[in-house]
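A.B. asks: Below you'll find the structure I mean.
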Amino acid sequence: MTTSPSDGSRCVNRHPLARALRSAGITTIDVAARLNVDPKTVDRWTTGRMPYPRHRDALVRLTGWPAHDLWPDLPRPAEPAATADEVRIVYPHRSAVPSDAWSRLLSQAEREIDILAYSALFLAEDATVPGLLRDKARDGVRVRIALGDPDGTHITNRGAEERIGTGMSVRIRTALVSLRPLADEPGITLRLHDTVLYNSICRADDEMLVNSHVYGRPAAHAPVIHLKRVSDDGMVPTHLASFERLWGSAKPLNV
């Protein structure tokens with residue numbers, strides 16, 4: 001590699017800074033004048049010498065290139081755990097989730113189970129789920145279930161959005177046929193809410209299946225994300241905080 005002595009006119013240096021200066025039409029003499037340094041210093045930068053931070057910032061502004069493109073060896077700041085580490089799998093819609101995925105998730109719980117939905121009818125109709133929840137509660141796992149209030153305003157609105165009229169209320173009442181008896185079990189609490197849900201949640205300790213809600217479409221047609229907690233400021237804590245707020249406003253089921 002060679003460079004011309006300071007004028008940049010015959011520079012064939014392949015260092016990224018040299019390429020950036022050439023593409024911007026800036027000579028080493030121009031850089032030296034603007035940064036108030038010796039042209040030979042700029043020559044050394046274009047052959048690999050690392051400039052001081054203040055000069056790097058100035059060169060980024062002059063060339064328009066990102067700092068790590070000009071100096072690939074620059075240390076990068078520590079990054080938080082990647083989102084992908086928290087996302088175990090994404091299903092395009094709930095009906096794509098393996099039928100036993102929900103019960104397998106719940107069976108892993110050792111401390112807490114939280115279920116938040118409008119009706120959760122697909123869980124209530126799974127013959128294994130009510131018994132599994134009962135067994136978990138008897139093993140000391142806290143179980144909380146929050147379903148929509150079948151007489152609630154937002155449940156009526158959701159039925160209208162999906163164009164099923166009173167169908168949403170009917171689903172909730174049908175689910176309660178299977179789930180209401182669980183409220184008699186120590187360790188299981190069932191409440192009703194009348195809120196706008198942006199997603200449904202099925203959580204077991206640090207893992208959860210989150211079913212997003214899409215306007216005008218049933219939850220079964222919306223995506224599901226399987227999350228596993230990896231930090232205190234990730235998606236799982238965010239959804240748990242949302243659940244706690246809703247749980248606090250939900251009313252106890254009148255058994």
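For the structure tokens, the naming scheme is as follows: chains receive sequential letters (A, B, ...) according to their order of presentation, residues are indexed from 1 within each chain, and ligands are indexed from 1 in presentation order.
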Tell me, as a PDB file with C-alpha atoms, in the first residue's frame, which residues lie within 10 Å of stretch 62-71 of chain A, counting only C-alpha atoms; anything in the same chain fewer than 3 positions away does not count.

C.D. replies:
```pdb
ATOM      1  CA  HIS A  15      -7.944   1.768   4.550  1.00  0.00           C
ATOM      2  CA  PRO A  16     -11.650   2.634   5.025  1.00  0.00           C
ATOM      3  CA  LEU A  17     -10.802   6.206   6.033  1.00  0.00           C
ATOM      4  CA  ALA A  18      -8.851   6.713   2.807  1.00  0.00           C
ATOM      5  CA  ARG A  19     -11.767   5.351   0.768  1.00  0.00           C
ATOM      6  CA  ALA A  20     -14.213   7.563   2.649  1.00  0.00           C
ATOM      7  CA  LEU A  21     -12.121  10.680   2.029  1.00  0.00           C
ATOM      8  CA  ARG A  22     -11.779   9.876  -1.658  1.00  0.00           C
ATOM      9  CA  SER A  23     -15.505   9.238  -2.064  1.00  0.00           C
ATOM     10  CA  ALA A  24     -16.223  12.564  -0.348  1.00  0.00           C
ATOM     11  CA  GLY A  25     -13.697  14.379  -2.525  1.00  0.00           C
ATOM     12  CA  ILE A  26     -11.639  15.463   0.472  1.00  0.00           C
ATOM     13  CA  VAL A  31      -8.618  17.337   6.554  1.00  0.00           C
ATOM     14  CA  ARG A  34     -10.135  21.610   9.041  1.00  0.00           C
ATOM     15  CA  THR A  46      -5.245   6.799   6.365  1.00  0.00           C
ATOM     16  CA  GLY A  48      -4.159   2.630   9.952  1.00  0.00           C
ATOM     17  CA  ARG A  49      -3.142   4.888  12.872  1.00  0.00           C
ATOM     18  CA  MET A  50      -6.140   5.402  15.192  1.00  0.00           C
ATOM     19  CA  PRO A  51      -7.074   9.092  15.645  1.00  0.00           C
ATOM     20  CA  ARG A  56     -12.675  10.454  14.982  1.00  0.00           C
ATOM     21  CA  ASP A  57     -15.880  12.373  15.653  1.00  0.00           C
ATOM     22  CA  ALA A  58     -14.774  15.113  13.262  1.00  0.00           C
ATOM     23  CA  LEU A  59     -13.891  12.587  10.554  1.00  0.00           C
ATOM     24  CA  LEU A  74     -13.222   0.004  17.395  1.00  0.00           C
ATOM     25  CA  PRO A  75     -14.565  -1.690  20.517  1.00  0.00           C
ATOM     26  CA  ARG A  76     -18.322  -1.825  20.489  1.00  0.00           C
TER      27      ARG A  76
END
```

A.B. asks: Show me, as CSV, the residues of stretch 146-165 of chain A having an atom within 12 Å of stretch 196-200 of chain A, each with the closest atom pair and its distance in Å, using only C-alpha atoms.

C.D. replies:
```
residue,atom,partner,partner_atom,distance
A:Ala146,CA,A:Ser200,CA,9.9
A:Leu147,CA,A:Ser200,CA,9.7
A:Gly148,CA,A:Leu197,CA,9.3
A:Asp149,CA,A:Val196,CA,11.4
A:Gly152,CA,A:Val196,CA,10.5
A:Thr153,CA,A:Val196,CA,9.5
A:His154,CA,A:Val196,CA,6.0
A:Ile155,CA,A:Val196,CA,8.1
A:Thr156,CA,A:Val196,CA,10.7
A:Asn157,CA,A:Val196,CA,9.1
A:Arg158,CA,A:Val196,CA,8.2
A:Gly159,CA,A:Val196,CA,11.8
A:Glu161,CA,A:Val196,CA,11.8
```

A.B. asks: Keeping only N, CA, C and O atoms, write the selected residues to a file as a PDB file, in the first residue's frame.

C.D. replies:
```
ATOM      1  N   ALA A 146     -57.814 -14.752  34.829  1.00  0.00           N
ATOM      2  CA  ALA A 146     -58.624 -13.554  34.600  1.00  0.00           C
ATOM      3  C   ALA A 146     -59.309 -13.685  33.242  1.00  0.00           C
ATOM      4  O   ALA A 146     -58.649 -13.708  32.204  1.00  0.00           O
ATOM      5  N   LEU A 147     -60.637 -13.799  33.282  1.00  0.00           N
ATOM      6  CA  LEU A 147     -61.428 -13.885  32.060  1.00  0.00           C
ATOM      7  C   LEU A 147     -62.290 -12.640  31.925  1.00  0.00           C
ATOM      8  O   LEU A 147     -62.525 -11.912  32.895  1.00  0.00           O
ATOM      9  N   GLY A 148     -62.805 -12.421  30.721  1.00  0.00           N
ATOM     10  CA  GLY A 148     -63.660 -11.273  30.506  1.00  0.00           C
ATOM     11  C   GLY A 148     -64.992 -11.410  31.225  1.00  0.00           C
ATOM     12  O   GLY A 148     -65.527 -12.519  31.364  1.00  0.00           O
ATOM     13  N   ASP A 149     -65.521 -10.301  31.672  1.00  0.00           N
ATOM     14  CA  ASP A 149     -66.849 -10.280  32.277  1.00  0.00           C
ATOM     15  C   ASP A 149     -67.871 -10.415  31.142  1.00  0.00           C
ATOM     16  O   ASP A 149     -67.961  -9.548  30.278  1.00  0.00           O
ATOM     17  N   GLY A 152     -69.753  -7.399  30.473  1.00  0.00           N
ATOM     18  CA  GLY A 152     -68.976  -6.172  30.401  1.00  0.00           C
ATOM     19  C   GLY A 152     -69.108  -5.435  29.075  1.00  0.00           C
ATOM     20  O   GLY A 152     -69.361  -6.030  28.020  1.00  0.00           O
ATOM     21  N   THR A 153     -68.898  -4.130  29.153  1.00  0.00           N
ATOM     22  CA  THR A 153     -68.993  -3.278  27.961  1.00  0.00           C
ATOM     23  C   THR A 153     -67.939  -3.630  26.922  1.00  0.00           C
ATOM     24  O   THR A 153     -68.227  -3.730  25.723  1.00  0.00           O
ATOM     25  N   HIS A 154     -66.695  -3.847  27.366  1.00  0.00           N
ATOM     26  CA  HIS A 154     -65.625  -4.130  26.415  1.00  0.00           C
ATOM     27  C   HIS A 154     -65.779  -5.511  25.779  1.00  0.00           C
ATOM     28  O   HIS A 154     -65.323  -5.723  24.638  1.00  0.00           O
ATOM     29  N   ILE A 155     -66.395  -6.432  26.496  1.00  0.00           N
ATOM     30  CA  ILE A 155     -66.639  -7.752  25.914  1.00  0.00           C
ATOM     31  C   ILE A 155     -67.694  -7.624  24.822  1.00  0.00           C
ATOM     32  O   ILE A 155     -67.596  -8.231  23.745  1.00  0.00           O
ATOM     33  N   THR A 156     -68.716  -6.795  25.063  1.00  0.00           N
ATOM     34  CA  THR A 156     -69.726  -6.529  24.032  1.00  0.00           C
ATOM     35  C   THR A 156     -69.077  -5.891  22.805  1.00  0.00           C
ATOM     36  O   THR A 156     -69.368  -6.261  21.662  1.00  0.00           O
ATOM     37  N   ASN A 157     -68.188  -4.936  23.054  1.00  0.00           N
ATOM     38  CA  ASN A 157     -67.505  -4.263  21.944  1.00  0.00           C
ATOM     39  C   ASN A 157     -66.627  -5.233  21.156  1.00  0.00           C
ATOM     40  O   ASN A 157     -66.555  -5.171  19.922  1.00  0.00           O
ATOM     41  N   ARG A 158     -65.947  -6.126  21.874  1.00  0.00           N
ATOM     42  CA  ARG A 158     -65.090  -7.093  21.191  1.00  0.00           C
ATOM     43  C   ARG A 158     -65.927  -8.018  20.308  1.00  0.00           C
ATOM     44  O   ARG A 158     -65.529  -8.365  19.188  1.00  0.00           O
ATOM     45  N   GLY A 159     -67.093  -8.405  20.789  1.00  0.00           N
ATOM     46  CA  GLY A 159     -67.983  -9.231  19.984  1.00  0.00           C
ATOM     47  C   GLY A 159     -68.411  -8.519  18.714  1.00  0.00           C
ATOM     48  O   GLY A 159     -68.495  -9.129  17.635  1.00  0.00           O
ATOM     49  N   GLU A 161     -66.637  -6.149  17.216  1.00  0.00           N
ATOM     50  CA  GLU A 161     -65.452  -6.049  16.366  1.00  0.00           C
ATOM     51  C   GLU A 161     -65.254  -7.324  15.549  1.00  0.00           C
ATOM     52  O   GLU A 161     -64.882  -7.266  14.370  1.00  0.00           O
TER      53      GLU A 161
END
```

A.B. asks: If we count only C-alpha atoms, what is near stretch 118-129 of chain A at a cut-off of 6 Å, once residues fewer than 3 positions away on the same chain are taken out, given as an MDAnalysis selection string?

C.D. replies: chainID A and resid 132 147:148 171:172 175 178

A.B. asks: Just N, CA and C atoms for this one: save the residues we selected as a PDB file, in the first residue's frame.

C.D. replies:
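Just written: part00.pdb:
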```
ATOM      1  N   LEU A 132     -54.980 -30.264  35.369  1.00  0.00           N
ATOM      2  CA  LEU A 132     -53.590 -29.862  35.531  1.00  0.00           C
ATOM      3  C   LEU A 132     -53.482 -28.651  36.446  1.00  0.00           C
ATOM      4  N   LEU A 147     -60.637 -13.799  33.282  1.00  0.00           N
ATOM      5  CA  LEU A 147     -61.428 -13.885  32.060  1.00  0.00           C
ATOM      6  C   LEU A 147     -62.290 -12.640  31.925  1.00  0.00           C
ATOM      7  N   GLY A 148     -62.805 -12.421  30.721  1.00  0.00           N
ATOM      8  CA  GLY A 148     -63.660 -11.273  30.506  1.00  0.00           C
ATOM      9  C   GLY A 148     -64.992 -11.410  31.225  1.00  0.00           C
ATOM     10  N   ARG A 171     -69.004 -17.467  24.662  1.00  0.00           N
ATOM     11  CA  ARG A 171     -67.757 -18.216  24.832  1.00  0.00           C
ATOM     12  C   ARG A 171     -67.274 -18.169  26.269  1.00  0.00           C
ATOM     13  N   ILE A 172     -67.344 -16.991  26.867  1.00  0.00           N
ATOM     14  CA  ILE A 172     -66.881 -16.851  28.253  1.00  0.00           C
ATOM     15  C   ILE A 172     -67.727 -17.720  29.178  1.00  0.00           C
ATOM     16  N   ALA A 175     -66.745 -21.286  28.781  1.00  0.00           N
ATOM     17  CA  ALA A 175     -65.473 -21.585  29.432  1.00  0.00           C
ATOM     18  C   ALA A 175     -65.639 -21.693  30.943  1.00  0.00           C
ATOM     19  N   SER A 178     -66.342 -25.055  32.744  1.00  0.00           N
ATOM     20  CA  SER A 178     -65.212 -25.915  33.113  1.00  0.00           C
ATOM     21  C   SER A 178     -64.297 -25.283  34.148  1.00  0.00           C
TER      22      SER A 178
END
```

A.B. asks: Report as a ChimeraX atom specification: the residues of stretch 143-222 of chain A with a DSSP assignment of helix (DSSP H, G or I), based on the backbone of this structure.

C.D. replies: /A:153-161,167-184,219-221

A.B. asks: Contacts of A:Ile89 at 8 Å or less, counting only C-alpha atoms, minus same-chain residues fewer than 2 places along, as an NGL selection string?

C.D. replies: :A and (87 or 91 or 225-227)

A.B. asks: Can you write out the residues you just picked, keeping all heavy atoms, as a PDB file, in the first residue's frame?

C.D. replies:
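The resulting file, out.pdb, is shown below:
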```
ATOM      1  N   VAL A  87     -37.138 -14.465  22.817  1.00  0.00           N
ATOM      2  CA  VAL A  87     -38.166 -15.046  21.963  1.00  0.00           C
ATOM      3  C   VAL A  87     -37.759 -16.468  21.589  1.00  0.00           C
ATOM      4  O   VAL A  87     -36.777 -16.686  20.886  1.00  0.00           O
ATOM      5  CB  VAL A  87     -38.367 -14.213  20.683  1.00  0.00           C
ATOM      6  CG1 VAL A  87     -39.407 -14.879  19.782  1.00  0.00           C
ATOM      7  CG2 VAL A  87     -38.786 -12.802  21.030  1.00  0.00           C
ATOM      8  N   TYR A  91     -45.304 -18.063  16.362  1.00  0.00           N
ATOM      9  CA  TYR A  91     -46.282 -18.753  15.526  1.00  0.00           C
ATOM     10  C   TYR A  91     -47.109 -17.716  14.773  1.00  0.00           C
ATOM     11  O   TYR A  91     -47.507 -16.702  15.349  1.00  0.00           O
ATOM     12  CB  TYR A  91     -47.214 -19.610  16.384  1.00  0.00           C
ATOM     13  CG  TYR A  91     -46.513 -20.674  17.212  1.00  0.00           C
ATOM     14  CD1 TYR A  91     -46.170 -20.424  18.549  1.00  0.00           C
ATOM     15  CD2 TYR A  91     -46.198 -21.915  16.671  1.00  0.00           C
ATOM     16  CE1 TYR A  91     -45.535 -21.394  19.309  1.00  0.00           C
ATOM     17  CE2 TYR A  91     -45.566 -22.896  17.433  1.00  0.00           C
ATOM     18  CZ  TYR A  91     -45.235 -22.622  18.748  1.00  0.00           C
ATOM     19  OH  TYR A  91     -44.613 -23.576  19.507  1.00  0.00           O
ATOM     20  N   ILE A 225     -46.458 -15.550  20.507  1.00  0.00           N
ATOM     21  CA  ILE A 225     -45.019 -15.517  20.759  1.00  0.00           C
ATOM     22  C   ILE A 225     -44.726 -16.290  22.047  1.00  0.00           C
ATOM     23  O   ILE A 225     -45.357 -16.033  23.077  1.00  0.00           O
ATOM     24  CB  ILE A 225     -44.501 -14.075  20.912  1.00  0.00           C
ATOM     25  CG1 ILE A 225     -44.916 -13.216  19.720  1.00  0.00           C
ATOM     26  CG2 ILE A 225     -42.986 -14.067  21.063  1.00  0.00           C
ATOM     27  CD1 ILE A 225     -44.535 -11.760  19.869  1.00  0.00           C
ATOM     28  N   HIS A 226     -43.799 -17.213  21.966  1.00  0.00           N
ATOM     29  CA  HIS A 226     -43.343 -17.938  23.156  1.00  0.00           C
ATOM     30  C   HIS A 226     -42.126 -17.207  23.707  1.00  0.00           C
ATOM     31  O   HIS A 226     -41.089 -17.118  23.046  1.00  0.00           O
ATOM     32  CB  HIS A 226     -42.999 -19.381  22.799  1.00  0.00           C
ATOM     33  CG  HIS A 226     -42.677 -20.230  23.986  1.00  0.00           C
ATOM     34  ND1 HIS A 226     -42.571 -21.605  23.917  1.00  0.00           N
ATOM     35  CD2 HIS A 226     -42.431 -19.921  25.289  1.00  0.00           C
ATOM     36  CE1 HIS A 226     -42.263 -22.095  25.111  1.00  0.00           C
ATOM     37  NE2 HIS A 226     -42.161 -21.079  25.957  1.00  0.00           N
ATOM     38  N   LEU A 227     -42.257 -16.654  24.909  1.00  0.00           N
ATOM     39  CA  LEU A 227     -41.191 -15.872  25.521  1.00  0.00           C
ATOM     40  C   LEU A 227     -40.616 -16.590  26.735  1.00  0.00           C
ATOM     41  O   LEU A 227     -41.327 -17.305  27.449  1.00  0.00           O
ATOM     42  CB  LEU A 227     -41.726 -14.506  25.972  1.00  0.00           C
ATOM     43  CG  LEU A 227     -42.340 -13.595  24.904  1.00  0.00           C
ATOM     44  CD1 LEU A 227     -42.917 -12.343  25.556  1.00  0.00           C
ATOM     45  CD2 LEU A 227     -41.303 -13.225  23.861  1.00  0.00           C
TER      46      LEU A 227
END
```

A.B. asks: Could you tell me, as a PyMOL selection string, which residues of stretch 34-117 of chain A DSSP assigns to strand (DSSP E) when given the backbone?

C.D. replies: chain A and resi 87-91+112-116

A.B. asks: How would the residues just chosen look if you wrote them out with C-alpha atoms as an mmCIF file, in the first residue's frame?

C.D. replies:
```cif
data_model
loop_
_atom_site.group_PDB
_atom_site.id
_atom_site.type_symbol
_atom_site.label_atom_id
_atom_site.label_comp_id
_atom_site.auth_asym_id
_atom_site.auth_seq_id
_atom_site.Cartn_x
_atom_site.Cartn_y
_atom_site.Cartn_z
ATOM 1 C CA VAL A 87 -38.166 -15.046 21.963
ATOM 2 C CA ARG A 88 -38.180 -18.818 21.778
ATOM 3 C CA ILE A 89 -40.545 -19.178 18.826
ATOM 4 C CA VAL A 90 -43.144 -17.158 16.939
ATOM 5 C CA TYR A 91 -46.282 -18.753 15.526
ATOM 6 C CA GLU A 112 -46.909 -19.315 39.463
ATOM 7 C CA ILE A 113 -49.432 -19.716 36.700
ATOM 8 C CA ASP A 114 -51.268 -16.725 35.224
ATOM 9 C CA ILE A 115 -53.915 -16.911 32.524
ATOM 10 C CA LEU A 116 -55.356 -13.763 30.976
#
```

A.B. asks: Tell me, as a ChimeraX atom specification, which residues lie within 12 Å of A:Arg180, counting only C-alpha atoms; anything in the same chain fewer than 6 positions away does not count.

C.D. replies: /A:124,130,134,145-147,172-174,188-192,252-255

A.B. asks: Applying 8 Å and only C-alpha atoms, which residues near A:Met208 remain after dropping the ones on its own chain fewer than 2 positions away? List them as a ChimeraX atom specification.

C.D. replies: /A:105,201-206,210,226-228,236

A.B. asks: Could those selected residues go to a file with all heavy atoms, as a compact mmCIF listing (two decimals), in the first residue's frame?

C.D. replies:
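Just written: out_3.txt:
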```txt
# COMPACT_ATOMS: atom_id res chain seq x y z
N LEU A 105 -46.48 -26.20 28.72
CA LEU A 105 -45.98 -25.01 29.40
C LEU A 105 -46.48 -24.97 30.85
O LEU A 105 -45.70 -24.77 31.79
CB LEU A 105 -46.44 -23.75 28.67
CG LEU A 105 -46.05 -22.42 29.31
CD1 LEU A 105 -44.55 -22.19 29.21
CD2 LEU A 105 -46.81 -21.26 28.68
N ILE A 201 -52.54 -13.92 27.66
CA ILE A 201 -51.30 -14.44 28.24
C ILE A 201 -51.54 -15.78 28.91
O ILE A 201 -52.54 -15.95 29.63
CB ILE A 201 -50.73 -13.45 29.29
CG1 ILE A 201 -50.33 -12.13 28.62
CG2 ILE A 201 -49.53 -14.07 30.01
CD1 ILE A 201 -49.94 -11.05 29.63
N CYS A 202 -50.65 -16.71 28.68
CA CYS A 202 -50.62 -17.96 29.43
C CYS A 202 -49.19 -18.09 29.95
O CYS A 202 -48.26 -18.31 29.18
CB CYS A 202 -50.98 -19.13 28.53
SG CYS A 202 -50.98 -20.74 29.37
N ARG A 203 -49.05 -17.92 31.26
CA ARG A 203 -47.71 -17.82 31.84
C ARG A 203 -47.46 -18.92 32.87
O ARG A 203 -48.31 -19.25 33.69
CB ARG A 203 -47.58 -16.45 32.51
CG ARG A 203 -46.28 -16.24 33.30
CD ARG A 203 -46.54 -16.05 34.76
NE ARG A 203 -45.33 -15.78 35.53
CZ ARG A 203 -45.31 -15.11 36.67
NH1 ARG A 203 -46.43 -14.60 37.16
NH2 ARG A 203 -44.18 -14.96 37.33
N ALA A 204 -46.25 -19.48 32.82
CA ALA A 204 -45.79 -20.44 33.82
C ALA A 204 -44.40 -20.01 34.26
O ALA A 204 -43.43 -20.12 33.51
CB ALA A 204 -45.75 -21.85 33.25
N ASP A 205 -44.30 -19.45 35.46
CA ASP A 205 -43.03 -18.95 35.99
C ASP A 205 -42.40 -17.94 35.04
O ASP A 205 -42.97 -16.88 34.81
CB ASP A 205 -42.08 -20.11 36.31
CG ASP A 205 -42.61 -21.03 37.40
OD1 ASP A 205 -43.47 -20.57 38.18
OD2 ASP A 205 -42.18 -22.19 37.47
N ASP A 206 -41.26 -18.26 34.45
CA ASP A 206 -40.53 -17.30 33.61
C ASP A 206 -40.80 -17.46 32.12
O ASP A 206 -40.13 -16.84 31.29
CB ASP A 206 -39.02 -17.43 33.86
CG ASP A 206 -38.63 -16.94 35.25
OD1 ASP A 206 -39.30 -16.04 35.76
OD2 ASP A 206 -37.64 -17.47 35.80
N VAL A 210 -47.80 -15.56 24.50
CA VAL A 210 -48.54 -14.30 24.35
C VAL A 210 -49.26 -14.31 23.00
O VAL A 210 -48.62 -14.38 21.96
CB VAL A 210 -47.59 -13.09 24.43
CG1 VAL A 210 -48.38 -11.79 24.25
CG2 VAL A 210 -46.85 -13.08 25.76
N HIS A 226 -43.80 -17.21 21.97
CA HIS A 226 -43.34 -17.94 23.16
C HIS A 226 -42.13 -17.21 23.71
O HIS A 226 -41.09 -17.12 23.05
CB HIS A 226 -43.00 -19.38 22.80
CG HIS A 226 -42.68 -20.23 23.99
ND1 HIS A 226 -42.57 -21.61 23.92
CD2 HIS A 226 -42.43 -19.92 25.29
CE1 HIS A 226 -42.26 -22.09 25.11
NE2 HIS A 226 -42.16 -21.08 25.96
N LEU A 227 -42.26 -16.65 24.91
CA LEU A 227 -41.19 -15.87 25.52
C LEU A 227 -40.62 -16.59 26.74
O LEU A 227 -41.33 -17.30 27.45
CB LEU A 227 -41.73 -14.51 25.97
CG LEU A 227 -42.34 -13.60 24.90
CD1 LEU A 227 -42.92 -12.34 25.56
CD2 LEU A 227 -41.30 -13.22 23.86
N LYS A 228 -39.34 -16.36 26.98
CA LYS A 228 -38.68 -16.84 28.20
C LYS A 228 -37.90 -15.68 28.79
O LYS A 228 -37.09 -15.05 28.12
CB LYS A 228 -37.75 -18.01 27.91
CG LYS A 228 -37.12 -18.57 29.18
CD LYS A 228 -36.33 -19.85 28.90
CE LYS A 228 -35.78 -20.44 30.21
NZ LYS A 228 -35.04 -21.69 29.95
N VAL A 236 -41.00 -10.16 28.93
CA VAL A 236 -41.76 -10.90 29.94
C VAL A 236 -42.13 -10.01 31.12
O VAL A 236 -43.31 -9.95 31.51
CB VAL A 236 -40.97 -12.15 30.41
CG1 VAL A 236 -41.65 -12.78 31.62
CG2 VAL A 236 -40.87 -13.17 29.27
```

A.B. asks: Any idea what's packed within 7 Å of A:Ala222, counting only C-alpha atoms, ignoring anything in its chain fewer than 2 positions away? Could you give it as JSON, numbers by chain?

C.D. replies: {"A": [92, 93, 94, 211, 212, 213, 214, 219, 220, 224]}
